[in-house]
Amino acid sequence: AVREKLNALIEEKNIPVVTFNSDIVGTRRTCFVGMDNCKSGRTAAGLLGMLTRGIGKILIITGYFSNHVDNQRVDGFVEEAKRAFPHLEIAGVHGSFDEAAEVEHIIENAMMNTSGISGILVVSGGQAGVGKAFEKLRLDRRPYVVIYDQTPKNERALKNDHVDFLIDQNGYVQGYEPPRILADILTKGQEPEREYLFTDIKIKTKYNL
């Protein structure tokens, strides 16, 4: 329904459309501004592969299995892990509904019931559950953790050593570029040079926040 409405606005009323953060396929939108999510998933695989020296099991936590962005990140991760780190195993992909309590529950269960988990990837919301799970489990040595998005809560998770890396999708650019592109189209008749305007994939640690 959203796709049909967008196409109607574009074709019948000649209204330019720019998507950002999450693209929608099958529309005649002008361009997309946001992260290359497959590439960011491959980046996460590279980080966890290096941290674990390519050995162990990786627990993956997504939000909703219907979320295209989350799925792209998971697909990119699995593809690169298989290619570059063949001895890394995937210890399951679990949906958390972007809820911190569910992330906490998933990690607790996995750590208690699956041996050899050396890394955790959270591609969606609810990352606060990671630290809460570790506080409950009181592990001698926690798995390495990669999460997404530079929010105040996630910055605290980095500073508190609950996670190791944060992959940021540059929300400022995603907010700034679409209105600028639309303004250029409307005032100058100037179309963007590319269909996909990917933001930088920024890797943050507690040392470079």
# chains A, B, ... in the order shown; residues from 1 in each chain; ligands from 1
>>> closest_atom_pairs(of="segment 62-93 of chain A", to="segment 134-154 of chain A", cutoff="12 Å", atoms="only C-alpha atoms", output="Markdown table")
| residue | atom | partner | partner_atom | distance |
| --- | --- | --- | --- | --- |
| A:Thr62 | CA | A:Ile147 | CA | 10.5 |
| A:Gly63 | CA | A:Tyr148 | CA | 11.8 |
| A:Val69 | CA | A:Tyr148 | CA | 11.8 |
| A:Asp70 | CA | A:Tyr148 | CA | 10.5 |
| A:Arg73 | CA | A:Tyr148 | CA | 10.2 |
| A:Phe77 | CA | A:Val146 | CA | 11.5 |
>>> residues_around(residues="His105 of chain A", least_positions_apart="4", cutoff="12 Å", atoms="only C-alpha atoms", output="list in words")
Ile61, His94, Gly95, Ser96, Glu99, Ala100, Ala101, Asn109, Ala110, Met111, Met112, Gly126, Gln127, Ala128, Gly129, Val130, Gly131, Lys132, Ala133, Phe134, Lys136 and Leu137 of chain A
>>> select_by_dssp(residues="segment 127-191 of chain A", states="helix (DSSP H, G or I)", output="JSON, numbers by chain")
{"A": [128, 129, 130, 131, 132, 133, 134, 135, 136, 137, 152, 153, 154, 155, 156, 157, 158, 159, 171, 172, 173, 174, 175, 176, 177, 178, 179, 180, 181, 182, 183, 184, 185, 186, 187, 188]}
>>> residues_around(residues="Gly26 of chain A", least_positions_apart="3", cutoff="10 Å", atoms="only C-alpha atoms", output="MDAnalysis selection string")
chainID A and resid 3:4 6:7 23 29
>>> write_last_selection(atoms="N, CA, C and O atoms", output="short mmCIF file (atom, residue, chain, number, x, y, z; two decimals), in the first residue's frame")
data_model
loop_
_atom_site.label_atom_id
_atom_site.label_comp_id
_atom_site.auth_asym_id
_atom_site.auth_seq_id
_atom_site.Cartn_x
_atom_site.Cartn_y
_atom_site.Cartn_z
N ARG A 3 3.96 1.47 -1.13
CA ARG A 3 4.62 1.52 -2.43
C ARG A 3 3.69 2.11 -3.49
O ARG A 3 4.08 2.97 -4.29
N GLU A 4 2.44 1.64 -3.49
CA GLU A 4 1.47 2.12 -4.48
C GLU A 4 1.18 3.61 -4.31
O GLU A 4 1.07 4.36 -5.28
N LEU A 6 3.18 5.90 -2.93
CA LEU A 6 4.36 6.67 -3.34
C LEU A 6 4.42 6.79 -4.86
O LEU A 6 4.67 7.88 -5.40
N ASN A 7 4.20 5.69 -5.56
CA ASN A 7 4.24 5.73 -7.02
C ASN A 7 3.16 6.63 -7.59
O ASN A 7 3.37 7.33 -8.59
N ASP A 23 15.21 1.79 2.63
CA ASP A 23 14.71 1.98 1.28
C ASP A 23 13.45 1.16 1.05
O ASP A 23 13.13 0.27 1.83
N ARG A 29 11.16 6.26 -6.70
CA ARG A 29 11.75 7.33 -5.91
C ARG A 29 13.05 7.79 -6.55
O ARG A 29 13.70 7.07 -7.30
#
>>> atom_distance(atom1="atom CA of Ala91 of chain A", atom2="atom CA of Ile201 of chain A")
25.4 Å
>>> closest_residue(among="A:Gly189, A:Lys82, A:Thr114, A:Val25", to="Val2 of chain A", atoms="only C-alpha atoms")
A:Val25
>>> decode(residues="segment 149-176 of chain A", atoms="N, CA and C atoms", output="PDB file, in the first residue's frame")
ATOM      1  N   ASP A 149      24.475   1.811  15.995  1.00  0.00           N
ATOM      2  CA  ASP A 149      23.902   3.137  16.239  1.00  0.00           C
ATOM      3  C   ASP A 149      24.479   3.853  17.463  1.00  0.00           C
ATOM      4  N   GLN A 150      24.970   5.056  17.219  1.00  0.00           N
ATOM      5  CA  GLN A 150      25.575   5.861  18.279  1.00  0.00           C
ATOM      6  C   GLN A 150      24.506   6.691  18.983  1.00  0.00           C
ATOM      7  N   THR A 151      23.889   6.080  19.966  1.00  0.00           N
ATOM      8  CA  THR A 151      22.901   6.753  20.814  1.00  0.00           C
ATOM      9  C   THR A 151      23.512   6.928  22.203  1.00  0.00           C
ATOM     10  N   PRO A 152      22.937   7.803  23.038  1.00  0.00           N
ATOM     11  CA  PRO A 152      23.486   7.963  24.402  1.00  0.00           C
ATOM     12  C   PRO A 152      23.570   6.645  25.174  1.00  0.00           C
ATOM     13  N   LYS A 153      22.555   5.792  25.061  1.00  0.00           N
ATOM     14  CA  LYS A 153      22.576   4.498  25.768  1.00  0.00           C
ATOM     15  C   LYS A 153      23.716   3.617  25.261  1.00  0.00           C
ATOM     16  N   ASN A 154      23.903   3.617  23.958  1.00  0.00           N
ATOM     17  CA  ASN A 154      24.951   2.773  23.392  1.00  0.00           C
ATOM     18  C   ASN A 154      26.342   3.319  23.687  1.00  0.00           C
ATOM     19  N   GLU A 155      26.460   4.633  23.787  1.00  0.00           N
ATOM     20  CA  GLU A 155      27.735   5.220  24.199  1.00  0.00           C
ATOM     21  C   GLU A 155      28.082   4.784  25.626  1.00  0.00           C
ATOM     22  N   ARG A 156      27.064   4.753  26.482  1.00  0.00           N
ATOM     23  CA  ARG A 156      27.300   4.291  27.864  1.00  0.00           C
ATOM     24  C   ARG A 156      27.734   2.830  27.883  1.00  0.00           C
ATOM     25  N   ALA A 157      27.126   2.023  27.009  1.00  0.00           N
ATOM     26  CA  ALA A 157      27.495   0.598  26.935  1.00  0.00           C
ATOM     27  C   ALA A 157      28.957   0.441  26.540  1.00  0.00           C
ATOM     28  N   LEU A 158      29.432   1.289  25.629  1.00  0.00           N
ATOM     29  CA  LEU A 158      30.847   1.262  25.246  1.00  0.00           C
ATOM     30  C   LEU A 158      31.730   1.665  26.416  1.00  0.00           C
ATOM     31  N   LYS A 159      31.372   2.779  27.054  1.00  0.00           N
ATOM     32  CA  LYS A 159      32.181   3.300  28.161  1.00  0.00           C
ATOM     33  C   LYS A 159      32.226   2.334  29.339  1.00  0.00           C
ATOM     34  N   ASN A 160      31.129   1.586  29.533  1.00  0.00           N
ATOM     35  CA  ASN A 160      31.055   0.630  30.650  1.00  0.00           C
ATOM     36  C   ASN A 160      31.633  -0.748  30.301  1.00  0.00           C
ATOM     37  N   ASP A 161      32.230  -0.867  29.115  1.00  0.00           N
ATOM     38  CA  ASP A 161      32.839  -2.116  28.660  1.00  0.00           C
ATOM     39  C   ASP A 161      31.862  -3.272  28.536  1.00  0.00           C
ATOM     40  N   HIS A 162      30.606  -2.951  28.226  1.00  0.00           N
ATOM     41  CA  HIS A 162      29.634  -4.003  27.950  1.00  0.00           C
ATOM     42  C   HIS A 162      29.688  -4.421  26.488  1.00  0.00           C
ATOM     43  N   VAL A 163      30.168  -3.521  25.626  1.00  0.00           N
ATOM     44  CA  VAL A 163      30.319  -3.835  24.203  1.00  0.00           C
ATOM     45  C   VAL A 163      31.680  -3.320  23.750  1.00  0.00           C
ATOM     46  N   ASP A 164      32.152  -3.838  22.622  1.00  0.00           N
ATOM     47  CA  ASP A 164      33.486  -3.493  22.126  1.00  0.00           C
ATOM     48  C   ASP A 164      33.459  -2.499  20.973  1.00  0.00           C
ATOM     49  N   PHE A 165      32.533  -2.714  20.043  1.00  0.00           N
ATOM     50  CA  PHE A 165      32.439  -1.836  18.878  1.00  0.00           C
ATOM     51  C   PHE A 165      31.002  -1.430  18.620  1.00  0.00           C
ATOM     52  N   LEU A 166      30.845  -0.246  18.110  1.00  0.00           N
ATOM     53  CA  LEU A 166      29.545   0.286  17.732  1.00  0.00           C
ATOM     54  C   LEU A 166      29.662   0.734  16.273  1.00  0.00           C
ATOM     55  N   ILE A 167      28.756   0.259  15.438  1.00  0.00           N
ATOM     56  CA  ILE A 167      28.744   0.675  14.033  1.00  0.00           C
ATOM     57  C   ILE A 167      27.656   1.728  13.862  1.00  0.00           C
ATOM     58  N   ASP A 168      28.072   2.918  13.456  1.00  0.00           N
ATOM     59  CA  ASP A 168      27.119   4.030  13.341  1.00  0.00           C
ATOM     60  C   ASP A 168      26.810   4.317  11.882  1.00  0.00           C
ATOM     61  N   GLN A 169      25.544   4.651  11.597  1.00  0.00           N
ATOM     62  CA  GLN A 169      25.119   4.874  10.213  1.00  0.00           C
ATOM     63  C   GLN A 169      24.956   6.353   9.882  1.00  0.00           C
ATOM     64  N   ASN A 170      25.515   7.232  10.718  1.00  0.00           N
ATOM     65  CA  ASN A 170      25.542   8.669  10.430  1.00  0.00           C
ATOM     66  C   ASN A 170      24.137   9.245  10.249  1.00  0.00           C
ATOM     67  N   GLY A 171      23.393   9.255  11.330  1.00  0.00           N
ATOM     68  CA  GLY A 171      22.020   9.759  11.312  1.00  0.00           C
ATOM     69  C   GLY A 171      21.916  11.220  10.915  1.00  0.00           C
ATOM     70  N   TYR A 172      22.946  12.000  11.228  1.00  0.00           N
ATOM     71  CA  TYR A 172      22.908  13.421  10.879  1.00  0.00           C
ATOM     72  C   TYR A 172      22.817  13.594   9.364  1.00  0.00           C
ATOM     73  N   VAL A 173      23.670  12.878   8.630  1.00  0.00           N
ATOM     74  CA  VAL A 173      23.664  12.971   7.171  1.00  0.00           C
ATOM     75  C   VAL A 173      22.334  12.473   6.609  1.00  0.00           C
ATOM     76  N   GLN A 174      21.791  11.415   7.207  1.00  0.00           N
ATOM     77  CA  GLN A 174      20.507  10.891   6.744  1.00  0.00           C
ATOM     78  C   GLN A 174      19.380  11.903   6.941  1.00  0.00           C
ATOM     79  N   GLY A 175      19.498  12.731   7.969  1.00  0.00           N
ATOM     80  CA  GLY A 175      18.498  13.772   8.185  1.00  0.00           C
ATOM     81  C   GLY A 175      18.729  14.999   7.324  1.00  0.00           C
ATOM     82  N   TYR A 176      19.993  15.298   7.035  1.00  0.00           N
ATOM     83  CA  TYR A 176      20.357  16.529   6.323  1.00  0.00           C
ATOM     84  C   TYR A 176      20.211  16.402   4.809  1.00  0.00           C
TER      85      TYR A 176
END
